[in-house]
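Just final25.cif here, mmCIF, C-alpha atoms and all ligand atoms:
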```cif
data_coords
#
loop_
_atom_site.label_atom_id
_atom_site.label_comp_id
_atom_site.auth_asym_id
_atom_site.auth_seq_id
_atom_site.Cartn_x
_atom_site.Cartn_y
_atom_site.Cartn_z
CA MET A 85 -20.15 -1.15 -17.18
CA ARG A 86 -17.30 1.36 -17.49
CA ALA A 87 -13.71 0.33 -16.63
CA VAL A 88 -10.09 1.45 -16.98
CA VAL A 89 -8.57 -1.07 -19.38
CA LEU A 90 -4.89 -1.65 -20.22
CA LYS A 91 -4.25 -1.42 -23.98
CA GLU A 92 -1.25 -2.24 -26.20
CA GLY A 93 1.83 -0.10 -25.62
CA GLY A 94 0.90 0.94 -22.08
CA ARG A 95 -2.07 2.98 -23.20
CA LEU A 96 -5.11 3.11 -20.94
CA ALA A 97 -8.71 3.58 -22.02
CA VAL A 98 -12.02 3.97 -20.22
CA GLU A 99 -14.41 1.67 -22.01
CA ASP A 100 -17.32 -0.75 -21.58
CA VAL A 101 -16.64 -4.27 -20.26
CA PRO A 102 -19.00 -7.09 -19.18
CA GLU A 103 -20.23 -7.17 -15.58
CA PRO A 104 -18.74 -9.92 -13.37
CA ARG A 105 -20.76 -12.78 -11.94
CA ILE A 106 -20.26 -15.18 -9.02
CA GLN A 107 -17.97 -18.00 -10.24
CA ARG A 108 -17.11 -19.84 -7.03
CA HIS A 109 -19.12 -20.40 -3.85
CA GLY A 110 -16.82 -18.16 -1.79
CA ASP A 111 -17.13 -15.17 -4.15
CA VAL A 112 -18.78 -11.86 -3.51
CA ILE A 113 -19.67 -9.23 -6.11
CA VAL A 114 -18.94 -5.72 -4.84
CA ARG A 115 -20.39 -2.55 -6.34
CA VAL A 116 -17.32 -0.29 -6.26
CA THR A 117 -18.04 3.08 -4.63
CA ALA A 118 -14.43 4.32 -4.47
CA THR A 119 -11.15 3.07 -5.92
CA THR A 120 -7.71 4.63 -6.26
CA ILE A 121 -4.74 4.89 -8.54
CA CYS A 122 -1.72 3.21 -6.97
CA GLY A 123 1.97 3.61 -7.81
CA SER A 124 1.97 0.04 -9.08
CA ASP A 125 -0.78 0.90 -11.59
CA VAL A 126 1.70 3.34 -13.08
CA HIS A 127 4.33 0.57 -13.21
CA ILE A 128 1.76 -1.65 -14.96
CA ARG A 129 0.99 1.08 -17.44
CA HIS A 130 4.68 1.29 -18.33
CA GLY A 131 5.05 -2.47 -18.73
CA GLN A 132 7.28 -2.79 -15.65
CA ILE A 133 5.15 -5.54 -14.10
CA PRO A 134 5.09 -8.57 -16.40
CA GLY A 135 2.19 -10.95 -16.89
CA ILE A 136 -0.61 -8.44 -17.39
CA PRO A 137 -2.08 -8.76 -20.89
CA PRO A 138 -3.79 -5.92 -22.77
CA GLY A 139 -7.52 -5.99 -22.10
CA THR A 140 -7.06 -6.30 -18.32
CA VAL A 141 -9.13 -4.04 -16.06
CA ILE A 142 -6.57 -2.58 -13.65
CA GLY A 143 -6.75 -1.23 -10.09
CA HIS A 144 -6.62 -2.99 -6.73
CA GLU A 145 -7.43 -0.54 -3.91
CA PHE A 146 -11.19 -0.27 -3.42
CA VAL A 147 -14.25 -0.13 -1.24
CA GLY A 148 -17.89 -0.70 -2.08
CA VAL A 149 -21.18 -2.34 -1.22
CA VAL A 150 -21.84 -6.07 -1.36
CA GLU A 151 -24.16 -6.71 -4.28
CA ASP A 152 -24.24 -10.52 -4.59
CA VAL A 153 -22.97 -13.32 -2.34
CA GLY A 154 -21.79 -16.88 -3.13
CA SER A 155 -23.46 -19.79 -1.37
CA GLU A 156 -20.52 -20.49 1.00
CA VAL A 157 -19.87 -16.91 2.12
CA MET A 158 -20.50 -16.71 5.87
CA GLY A 159 -19.54 -13.22 6.96
CA PHE A 160 -21.14 -10.81 4.48
CA GLN A 161 -24.50 -10.09 2.99
CA ARG A 162 -25.99 -7.87 0.34
CA GLY A 163 -25.82 -4.21 1.34
CA ASP A 164 -22.72 -4.46 3.59
CA ARG A 165 -20.16 -1.66 3.12
CA VAL A 166 -16.78 -3.31 2.71
CA ALA A 167 -13.10 -2.59 2.09
CA ALA A 168 -11.07 -5.15 0.16
CA ALA A 169 -7.46 -6.28 0.41
CA ALA A 170 -5.46 -5.61 -2.75
CA THR A 171 -4.66 -9.28 -3.04
CA THR A 172 -6.53 -12.43 -2.08
CA TRP A 173 -5.66 -15.52 -0.06
CA CYS A 174 -7.32 -18.88 0.37
CA GLY A 175 -7.04 -19.22 4.15
CA VAL A 176 -6.32 -22.96 4.17
CA CYS A 177 -2.96 -23.58 2.44
CA PRO A 178 0.27 -24.02 4.47
CA ALA A 179 1.27 -20.35 3.98
CA CYS A 180 -2.14 -19.09 5.11
CA ARG A 181 -2.11 -21.44 8.11
CA ARG A 182 1.25 -19.98 9.10
CA GLY A 183 -0.39 -16.56 8.97
CA GLU A 184 1.73 -15.51 5.98
CA VAL A 185 -1.15 -14.82 3.66
CA GLN A 186 1.02 -12.74 1.33
CA HIS A 187 2.71 -16.01 0.33
CA CYS A 188 -0.53 -17.87 -0.48
CA PRO A 189 -0.02 -19.67 -3.81
CA ASN A 190 -3.77 -19.56 -4.41
CA GLY A 191 -4.06 -15.83 -3.93
CA GLY A 192 -0.80 -13.98 -3.23
CA VAL A 193 0.21 -12.32 -6.47
CA TRP A 194 3.96 -12.75 -6.19
CA ALA A 195 3.56 -16.38 -5.16
CA GLY A 196 2.02 -16.99 -8.58
CA GLY A 197 -1.59 -16.42 -7.56
CA GLU A 198 -4.16 -13.83 -8.37
CA HIS A 199 -4.32 -10.15 -7.55
CA PHE A 200 -6.91 -7.59 -8.53
CA GLY A 201 -5.69 -6.20 -11.84
CA LYS A 202 -3.29 -9.15 -12.35
CA GLY A 203 -4.93 -12.51 -12.85
CA LEU A 204 -8.17 -11.16 -11.39
CA SER A 205 -10.12 -8.39 -13.02
CA GLY A 206 -9.30 -5.06 -11.37
CA ALA A 207 -11.13 -2.43 -9.37
CA GLN A 208 -11.18 0.68 -11.56
CA THR A 209 -14.71 -0.14 -12.64
CA GLU A 210 -18.28 -0.40 -11.34
CA TYR A 211 -18.54 -4.02 -10.17
CA ILE A 212 -15.83 -6.50 -9.15
CA ARG A 213 -15.71 -10.18 -8.23
CA VAL A 214 -13.89 -10.86 -4.93
CA PRO A 215 -12.80 -14.49 -4.40
CA TYR A 216 -12.24 -15.83 -0.83
CA ALA A 217 -14.45 -12.95 0.28
CA ASP A 218 -14.64 -14.06 3.92
CA ASN A 219 -10.85 -13.61 4.14
CA CYS A 220 -10.26 -10.60 1.99
CA LEU A 221 -13.06 -8.17 2.88
CA THR A 222 -13.56 -6.18 6.03
CA ARG A 223 -16.59 -4.15 7.11
CA ILE A 224 -16.59 -0.34 7.15
CA ALA A 225 -18.28 1.45 10.06
CA ASP A 226 -21.08 3.84 9.12
CA HIS A 227 -19.17 6.94 10.20
CA VAL A 228 -16.03 6.16 8.13
CA ALA A 229 -16.05 7.71 4.64
CA ASP A 230 -15.16 5.65 1.57
CA GLU A 231 -12.32 8.06 0.75
CA HIS A 232 -10.61 7.15 4.03
CA ALA A 233 -11.42 3.46 4.32
CA VAL A 234 -10.13 2.80 0.80
CA PHE A 235 -6.46 2.97 1.87
CA VAL A 236 -6.66 0.18 4.44
CA GLY A 237 -6.37 -2.63 1.89
CA ASP A 238 -3.19 -1.43 0.20
CA VAL A 239 -1.11 1.68 0.99
CA PHE A 240 -1.90 1.86 4.71
CA GLY A 241 -1.65 -1.93 5.00
CA THR A 242 1.73 -1.82 3.29
CA GLY A 243 2.97 1.06 5.44
CA TYR A 244 1.86 -0.83 8.55
CA HIS A 245 3.68 -3.93 7.35
CA ALA A 246 6.87 -1.87 7.03
CA ALA A 247 6.55 -0.54 10.57
CA TYR A 248 5.65 -3.97 11.97
CA GLU A 249 8.56 -5.71 10.25
CA GLY A 250 10.84 -2.93 11.47
CA ARG A 251 10.15 -4.26 14.99
CA ILE A 252 9.88 -0.76 16.44
CA ARG A 253 10.20 -0.74 20.23
CA THR A 254 9.06 1.81 22.81
CA GLY A 255 11.42 4.78 22.82
CA ASP A 256 13.03 4.01 19.46
CA THR A 257 14.06 6.55 16.88
CA VAL A 258 12.65 5.69 13.47
CA VAL A 259 13.67 7.15 10.10
CA ILE A 260 11.40 6.87 7.05
CA PHE A 261 12.86 7.49 3.60
CA GLY A 262 10.04 8.59 1.29
CA CYS A 263 6.81 10.37 2.26
CA GLY A 264 4.61 9.10 -0.55
CA PRO A 265 1.37 7.37 0.41
CA ILE A 266 3.14 4.22 1.65
CA GLY A 267 5.80 6.17 3.57
CA LEU A 268 3.07 8.25 5.20
CA GLY A 269 1.18 5.04 6.00
CA ALA A 270 4.38 3.73 7.61
CA LEU A 271 4.68 6.97 9.60
CA LEU A 272 1.12 6.70 10.95
CA SER A 273 1.80 3.05 11.76
CA ALA A 274 5.17 3.69 13.42
CA TRP A 275 3.46 5.75 16.14
CA GLN A 276 1.37 2.71 17.11
CA PHE A 277 4.55 1.07 18.45
CA GLY A 278 5.59 3.91 20.78
CA PRO A 279 8.76 5.39 19.28
CA ARG A 280 10.40 8.49 20.80
CA GLU A 281 10.77 10.25 17.48
CA VAL A 282 10.07 9.62 13.80
CA LEU A 283 12.20 11.42 11.22
CA ALA A 284 10.77 11.56 7.70
CA VAL A 285 12.86 12.30 4.60
CA ASP A 286 11.48 13.59 1.29
CA MET A 287 12.03 16.38 -1.22
CA LEU A 288 8.48 17.54 -2.06
CA ASP A 289 6.97 20.35 0.04
CA ASN A 290 3.44 18.92 0.26
CA ARG A 291 4.69 15.50 1.37
CA LEU A 292 6.97 17.01 4.00
CA ALA A 293 4.09 19.18 5.23
CA LEU A 294 1.83 16.16 5.68
CA ALA A 295 4.62 14.18 7.38
CA ARG A 296 5.00 17.08 9.83
CA ARG A 297 1.24 17.12 10.39
CA TYR A 298 1.48 13.40 11.14
CA GLY A 299 4.00 14.16 13.88
CA ALA A 300 7.33 13.54 12.15
CA THR A 301 10.48 15.62 12.38
CA VAL A 302 11.00 16.27 8.68
CA LEU A 303 14.29 16.28 6.78
CA ASP A 304 14.18 18.01 3.39
CA ALA A 305 16.58 16.02 1.20
CA ARG A 306 17.08 19.08 -1.03
CA GLU A 307 18.99 20.68 1.83
CA GLY A 308 21.52 17.82 1.80
CA ARG A 309 23.41 16.32 4.80
CA VAL A 310 20.60 13.82 5.43
CA LEU A 311 22.86 11.20 7.00
CA GLU A 312 24.68 13.76 9.15
CA ARG A 313 21.38 15.12 10.40
CA ILE A 314 20.17 11.62 11.26
CA ARG A 315 23.44 11.02 13.16
CA GLU A 316 23.00 14.31 15.03
CA ALA A 317 19.43 13.37 15.97
CA THR A 318 20.54 9.99 17.32
CA GLY A 319 23.59 10.97 19.35
CA GLY A 320 25.88 9.71 16.60
CA GLN A 321 24.44 6.17 16.81
CA GLY A 322 22.11 5.96 13.82
CA ALA A 323 18.42 5.14 13.95
CA ASP A 324 17.02 2.06 15.68
CA VAL A 325 14.72 1.39 12.74
CA VAL A 326 14.89 2.71 9.17
CA ILE A 327 12.07 2.22 6.66
CA GLU A 328 12.85 2.51 2.94
CA ALA A 329 9.55 3.35 1.23
CA ILE A 330 10.83 4.52 -2.16
CA GLY A 331 12.54 1.62 -3.94
CA ASN A 332 15.55 3.62 -5.02
CA PRO A 333 19.10 2.16 -4.95
CA VAL A 334 20.51 5.48 -3.66
CA THR A 335 18.08 5.79 -0.75
CA PHE A 336 18.53 2.07 -0.02
CA SER A 337 22.25 2.70 0.37
CA GLN A 338 21.56 5.76 2.55
CA SER A 339 19.11 3.71 4.63
CA LEU A 340 21.81 1.14 5.38
CA LYS A 341 24.11 3.93 6.55
CA ALA A 342 21.36 5.55 8.64
CA VAL A 343 20.59 2.48 10.77
CA ARG A 344 22.49 1.87 14.03
CA ARG A 345 24.52 -1.24 14.83
CA GLY A 346 22.06 -4.01 15.62
CA GLY A 347 19.17 -2.00 14.18
CA THR A 348 16.62 -2.94 11.53
CA LEU A 349 16.13 -1.75 7.98
CA SER A 350 12.61 -2.51 6.74
CA VAL A 351 12.19 -2.30 2.98
CA VAL A 352 8.83 -1.88 1.23
CA GLY A 353 9.84 0.02 -1.90
CA LEU A 354 9.68 -1.78 -5.26
CA PHE A 355 13.12 -1.58 -6.91
CA PRO A 356 13.66 -1.28 -10.67
CA GLY A 357 16.62 -3.71 -10.59
CA PRO A 358 19.26 -5.30 -8.32
CA VAL A 359 20.74 -3.24 -5.49
CA GLU A 360 24.09 -3.61 -3.76
CA LEU A 361 24.13 -5.12 -0.27
CA PRO A 362 27.68 -4.65 1.17
CA LEU A 363 27.69 -7.72 3.41
CA HIS A 364 31.46 -7.51 3.91
CA GLU A 365 30.79 -4.37 6.01
CA LEU A 366 27.29 -5.09 7.27
CA VAL A 367 28.32 -8.33 8.93
CA PHE A 368 30.16 -6.29 11.57
CA TYR A 369 27.09 -4.18 12.22
CA GLY A 370 24.57 -6.98 12.72
CA VAL A 371 21.88 -5.07 10.86
CA THR A 372 18.62 -6.91 10.16
CA VAL A 373 17.18 -6.22 6.71
CA SER A 374 13.53 -7.20 6.38
CA MET A 375 11.48 -6.97 3.21
CA GLY A 376 8.35 -8.14 1.53
CA LEU A 377 4.88 -7.17 0.44
CA ALA A 378 2.19 -6.52 3.01
CA ASN A 379 0.48 -9.13 5.10
CA LEU A 380 -3.03 -7.82 4.57
CA SER A 381 -4.66 -10.20 7.04
CA ARG A 382 -4.23 -7.33 9.54
CA MET A 383 -6.75 -5.26 7.59
CA GLY A 384 -9.45 -5.60 10.25
CA GLN A 385 -7.08 -4.27 12.94
CA LEU A 386 -6.13 -1.36 10.72
CA MET A 387 -9.76 -0.55 10.02
CA ALA A 388 -10.27 -0.45 13.81
CA LEU A 389 -7.52 2.19 14.05
CA VAL A 390 -9.33 4.26 11.41
CA GLU A 391 -12.74 3.77 13.03
CA SER A 392 -11.47 4.85 16.43
CA GLY A 393 -9.92 8.01 15.02
CA ARG A 394 -6.40 7.00 16.14
CA VAL A 395 -5.35 7.19 12.50
CA ASP A 396 -6.58 9.85 10.08
CA LEU A 397 -6.16 8.79 6.46
CA ALA A 398 -8.29 11.64 5.10
CA PRO A 399 -5.37 13.91 4.06
CA LEU A 400 -4.01 11.20 1.72
CA ALA A 401 -7.00 11.62 -0.64
CA THR A 402 -5.96 14.88 -2.28
CA HIS A 403 -8.07 14.45 -5.43
CA VAL A 404 -11.40 12.85 -6.35
CA PHE A 405 -12.36 12.21 -9.99
CA PRO A 406 -15.28 10.45 -11.68
CA LEU A 407 -14.16 7.15 -13.21
CA ASP A 408 -14.77 8.48 -16.71
CA GLN A 409 -12.01 11.06 -16.14
CA ALA A 410 -9.49 8.40 -15.09
CA LEU A 411 -6.98 9.34 -17.81
CA GLU A 412 -6.74 12.91 -16.49
CA ALA A 413 -6.42 11.48 -13.00
CA TYR A 414 -3.51 9.24 -14.09
CA ASP A 415 -1.70 12.22 -15.59
CA LEU A 416 -2.12 14.19 -12.38
CA PHE A 417 -1.03 11.29 -10.15
CA GLU A 418 1.88 10.07 -12.24
CA ASN A 419 3.38 13.52 -12.74
CA HIS A 420 2.80 14.73 -9.14
CA LYS A 421 0.76 17.64 -10.52
CA ASP A 422 -1.23 19.92 -8.21
CA GLU A 423 0.43 18.38 -5.12
CA CYS A 424 -1.37 15.12 -5.86
CA LEU A 425 -0.81 12.37 -3.30
CA LYS A 426 -3.64 9.92 -3.99
CA VAL A 427 -6.49 10.08 -6.47
CA VAL A 428 -9.81 8.53 -5.57
CA LEU A 429 -11.92 7.47 -8.56
CA LYS A 430 -15.69 7.36 -8.13
CA PRO A 431 -17.52 5.04 -10.54
ZN ZN A 501 -1.01 -0.84 -4.84
ZN ZN A 502 -3.55 -19.74 1.04
#
```
Could you take the file, read its structure, and then write that structure out as structure tokens?
Ligand SMILES: [Zn+2]
Ligand SMILES: [Zn+2]
Amino acid sequence: MRAVVLKEGGRLAVEDVPEPRIQRHGDVIVRVTATTICGSDVHIRHGQIPGIPPGTVIGHEFVGVVEDVGSEVMGFQRGDRVAAAATTWCGVCPACRRGEVQHCPNGGVWAGGEHFGKGLSGAQTEYIRVPYADNCLTRIADHVADEHAVFVGDVFGTGYHAAYEGRIRTGDTVVIFGCGPIGLGALLSAWQFGPREVLAVDMLDNRLALARRYGATVLDAREGRVLERIREATGGQGADVVIEAIGNPVTFSQSLKAVRRGGTLSVVGLFPGPVELPLHELVFYGVTVSMGLANLSRMGQLMALVESGRVDLAPLATHVFPLDQALEAYDLFENHKDECLKVVLKP
């Protein structure tokens, strides 16, 4: 089968690899019908995420059809349309039993476990093995297209996590720095908590346009005075909740200045190195800073939002390519060409 494979020196190639087989009783084999390129795939390509050897099939955001089922799988059978979480979790360890599946040492990637495209073979291919399938898959309703459902297991799940951890309350003003796919996912999610207004900051026209379509008051960072404009919009107080969805030390610093006393800064960006946290000032402000990768156990709830039409993920999928043209797709995605937001690859 064809797959996008990481090579020496950050090169990628589309080449033939062996098909996966059931290895453990809780596994499912999924025939991939749509997968995406994620920002972290670009980090992997540039060697910025350690522990991924050449020869690895990359990719971790995908949907497909159940092809084969392990003997202990209870919830799925051959032919089911499913969306997968980007990472896996065992469901029985102390972290999973606390409901913090992102910290599962048997699955959660940053806890030392396995992740599709890191430890587990990735999704930019035709067939994939999904361990702990009863936990990590969710069904897709007939009327929901692959190109929309595919975002539930990673970028929308991560955006939702940012909004959830921001503890948005009814009537709040929320500011989102960064209108990439995760920032836009956070914007769609923020509305589920009943804020008065969501302000979205970016500097690319197409991203600002989509943020506006998703109901945000947009702030074009190229026009400057971002912090002043946030202050003006909040009666001089600062925002109740700020979400940093870029992973940039400059916007992190701006985010801290944009949040009101007693407010929350929720961080989901991946930073290239250490950032400064001026605790000697912040201690007087009582700001809560929350962070972390997504808790994807909410995937079923998020799929329900998509199914009901309360959330429209369709505009995120700006480009669709056949898997064999993945290298062109990476170029487009990585270099923001042709107003690319997300590329869907079709095996
Ligand atoms: Zn991702
Ligand atoms: Zn676990």
Atomic separation - atom CA of Gly139 of chain A relative to atom CA of Asp100 of chain A, Å: 11.1 Å
Residues near Ala329 of chain A, cut-off 8 Å, all atoms listed in the file, skip fewer than 2 positions along chain, as number ranges by chain: A: 260-264, 266-267, 327, 331, 351-353
Site check for ligand ZN 501 (chain A): residues at most 9 Å away, all atoms listed in the file, as an mmCIF file with C-alpha atoms, keeping the file's coordinate frame:
```
data_model
loop_
_atom_site.group_PDB
_atom_site.id
_atom_site.type_symbol
_atom_site.label_atom_id
_atom_site.label_comp_id
_atom_site.auth_asym_id
_atom_site.auth_seq_id
_atom_site.Cartn_x
_atom_site.Cartn_y
_atom_site.Cartn_z
ATOM 1 C CA THR A 120 -7.710 4.630 -6.260
ATOM 2 C CA ILE A 121 -4.740 4.890 -8.540
ATOM 3 C CA CYS A 122 -1.720 3.210 -6.970
ATOM 4 C CA GLY A 123 1.970 3.610 -7.810
ATOM 5 C CA SER A 124 1.970 0.040 -9.080
ATOM 6 C CA ASP A 125 -0.780 0.900 -11.590
ATOM 7 C CA GLY A 143 -6.750 -1.230 -10.090
ATOM 8 C CA HIS A 144 -6.620 -2.990 -6.730
ATOM 9 C CA GLU A 145 -7.430 -0.540 -3.910
ATOM 10 C CA ALA A 170 -5.460 -5.610 -2.750
ATOM 11 C CA GLY A 237 -6.370 -2.630 1.890
ATOM 12 C CA ASP A 238 -3.190 -1.430 0.200
ATOM 13 C CA VAL A 239 -1.110 1.680 0.990
ATOM 14 C CA THR A 242 1.730 -1.820 3.290
#
```
Surrounding residues of Leu303 of chain A excluding itself and chain neighbours under 2 positions, 7 Å, all atoms listed in the file, as a list in words: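 Non-adjacent residues within range: Leu283, Ala284, Val285, Asp286, Thr301, Ala305 and Val310 of chain A.
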Shell of 8 Å around Asp218 of chain A, all atoms listed in the file, local chain residues under 6 positions omitted, as a list in words: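 Here the answer would be Gly110, Val157, Met158, Gly159 and Phe160 of chain A.
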7 Å shell around ligand ZN 502 (chain A) using all atoms listed in the file, listed as a PyMOL selection string: chain A and resi 173-180+185+188-191
Sphere at (-15.2, -6.0, 1.7), radius 7 Å, counting only C-alpha atoms: residues as a ChimeraX atom specification: /A:147,165-168,220-223
Contacts of segment 420-424 of chain A at 8 Å (all atoms listed in the file; same-chain gap of 5+ positions) as a short mmCIF file (atom, residue, chain, number, x, y, z; two decimals) with C-alpha atoms, keeping the file's coordinate frame:
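Result went into part.cif, see below:
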```cif
data_model
loop_
_atom_site.label_atom_id
_atom_site.label_comp_id
_atom_site.auth_asym_id
_atom_site.auth_seq_id
_atom_site.Cartn_x
_atom_site.Cartn_y
_atom_site.Cartn_z
CA ASN A 290 3.44 18.92 0.26
CA THR A 402 -5.96 14.88 -2.28
CA HIS A 403 -8.07 14.45 -5.43
CA ASP A 415 -1.70 12.22 -15.59
#
```
Which of A:Val101, A:Leu416, A:Leu425, A:Leu354 sits closest to Thr140 of chain A [using only C-alpha atoms]: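 Comparing A:Val101, A:Leu416, A:Leu425, A:Leu354 against Thr140 of chain A, the winner is A:Val101.
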Nearest-residue call for Met383 of chain A, choices A:Leu349, A:Ala233, A:Met287, A:Ala413, using only C-alpha atoms: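 Residue with the minimum atom-to-atom distance to Met383 of chain A: A:Ala233.
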Gap from atom CA of Val153 of chain A to atom CA of Ala217 of chain A - Å, one decimal: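 Atom CA of Ala217 of chain A lies at a distance of 8.9 Å from atom CA of Val153 of chain A.
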Around all listed atoms of segment 242-258 of chain A, padded 3 Å per side, what centre and edge lengths does the axis-aligned box have in Å to one decimal, as AutoDock Vina command-line options?
```
--center_x 7.9 --center_y 0.4 --center_z 13.1 --size_x 18.3 --size_y 18.3 --size_z 25.5
```
Selected residue of minimal separation from Val259 of chain A among A:Asp226, A:Glu316, A:Asp152, A:Glu328, counting all atoms listed in the file: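 Distance minimum relative to Val259 of chain A lands on A:Glu328.
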Proximity to Ala97 of chain A - best of A:Asn419, A:Gln409, A:Gln276, A:Gln338, only C-alpha atoms: A:Gln409
Give as a short mmCIF file (atom, residue, chain, number, x, y, z; two decimals) with C-alpha atoms, keeping the file's coordinate frame each residue that has an atom at most 10 Å from (-6.6, 3.7, 11.8) in the file, counting all atoms listed in the file.
```
data_model
loop_
_atom_site.label_atom_id
_atom_site.label_comp_id
_atom_site.auth_asym_id
_atom_site.auth_seq_id
_atom_site.Cartn_x
_atom_site.Cartn_y
_atom_site.Cartn_z
CA HIS A 232 -10.61 7.15 4.03
CA ALA A 233 -11.42 3.46 4.32
CA PHE A 235 -6.46 2.97 1.87
CA VAL A 236 -6.66 0.18 4.44
CA PHE A 240 -1.90 1.86 4.71
CA GLY A 269 1.18 5.04 6.00
CA LEU A 272 1.12 6.70 10.95
CA SER A 273 1.80 3.05 11.76
CA GLN A 276 1.37 2.71 17.11
CA MET A 383 -6.75 -5.26 7.59
CA GLY A 384 -9.45 -5.60 10.25
CA GLN A 385 -7.08 -4.27 12.94
CA LEU A 386 -6.13 -1.36 10.72
CA MET A 387 -9.76 -0.55 10.02
CA ALA A 388 -10.27 -0.45 13.81
CA LEU A 389 -7.52 2.19 14.05
CA VAL A 390 -9.33 4.26 11.41
CA GLU A 391 -12.74 3.77 13.03
CA SER A 392 -11.47 4.85 16.43
CA GLY A 393 -9.92 8.01 15.02
CA ARG A 394 -6.40 7.00 16.14
CA VAL A 395 -5.35 7.19 12.50
CA ASP A 396 -6.58 9.85 10.08
CA LEU A 397 -6.16 8.79 6.46
#
```
Selected residue, from A:Ala270, A:Val150, A:Ala293, A:Ile224, that lies nearest to Asp111 of chain A when counting all atoms listed in the file: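 Of A:Ala270, A:Val150, A:Ala293, A:Ile224, the one nearest Asp111 of chain A is A:Val150, counting all atoms listed in the file.
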Among the residues A:Ala229, A:Ala378, A:Ile314, A:Val88, the one that comes closest to Ala410 of chain A [using all atoms listed in the file]: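 For Ala410 of chain A, the nearest of the given residues is A:Val88.
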Just the residues within 8 Å of segment 127-129 of chain A, please, counting only C-alpha atoms, with nothing from its chain fewer than 2 positions along; format it as a PDB file with C-alpha atoms, keeping the file's coordinate frame.
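Output below, filename around_34.pdb:
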```pdb
ATOM      1  CA  LEU A  90      -4.890  -1.650 -20.220  1.00  0.00           C
ATOM      2  CA  GLY A  94       0.900   0.940 -22.080  1.00  0.00           C
ATOM      3  CA  ARG A  95      -2.070   2.980 -23.200  1.00  0.00           C
ATOM      4  CA  LEU A  96      -5.110   3.110 -20.940  1.00  0.00           C
ATOM      5  CA  GLY A 123       1.970   3.610  -7.810  1.00  0.00           C
ATOM      6  CA  SER A 124       1.970   0.040  -9.080  1.00  0.00           C
ATOM      7  CA  ASP A 125      -0.780   0.900 -11.590  1.00  0.00           C
ATOM      8  CA  GLY A 131       5.050  -2.470 -18.730  1.00  0.00           C
ATOM      9  CA  GLN A 132       7.280  -2.790 -15.650  1.00  0.00           C
ATOM     10  CA  ILE A 133       5.150  -5.540 -14.100  1.00  0.00           C
ATOM     11  CA  PRO A 134       5.090  -8.570 -16.400  1.00  0.00           C
ATOM     12  CA  ILE A 136      -0.610  -8.440 -17.390  1.00  0.00           C
TER      13      ILE A 136
END
```
Pairwise distance for atom CA of His364 of chain A and atom CA of Asn332 of chain A, rounded to one decimal in Å: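 Interatomic distance, atom CA of His364 of chain A to atom CA of Asn332 of chain A: 21.4 Å.
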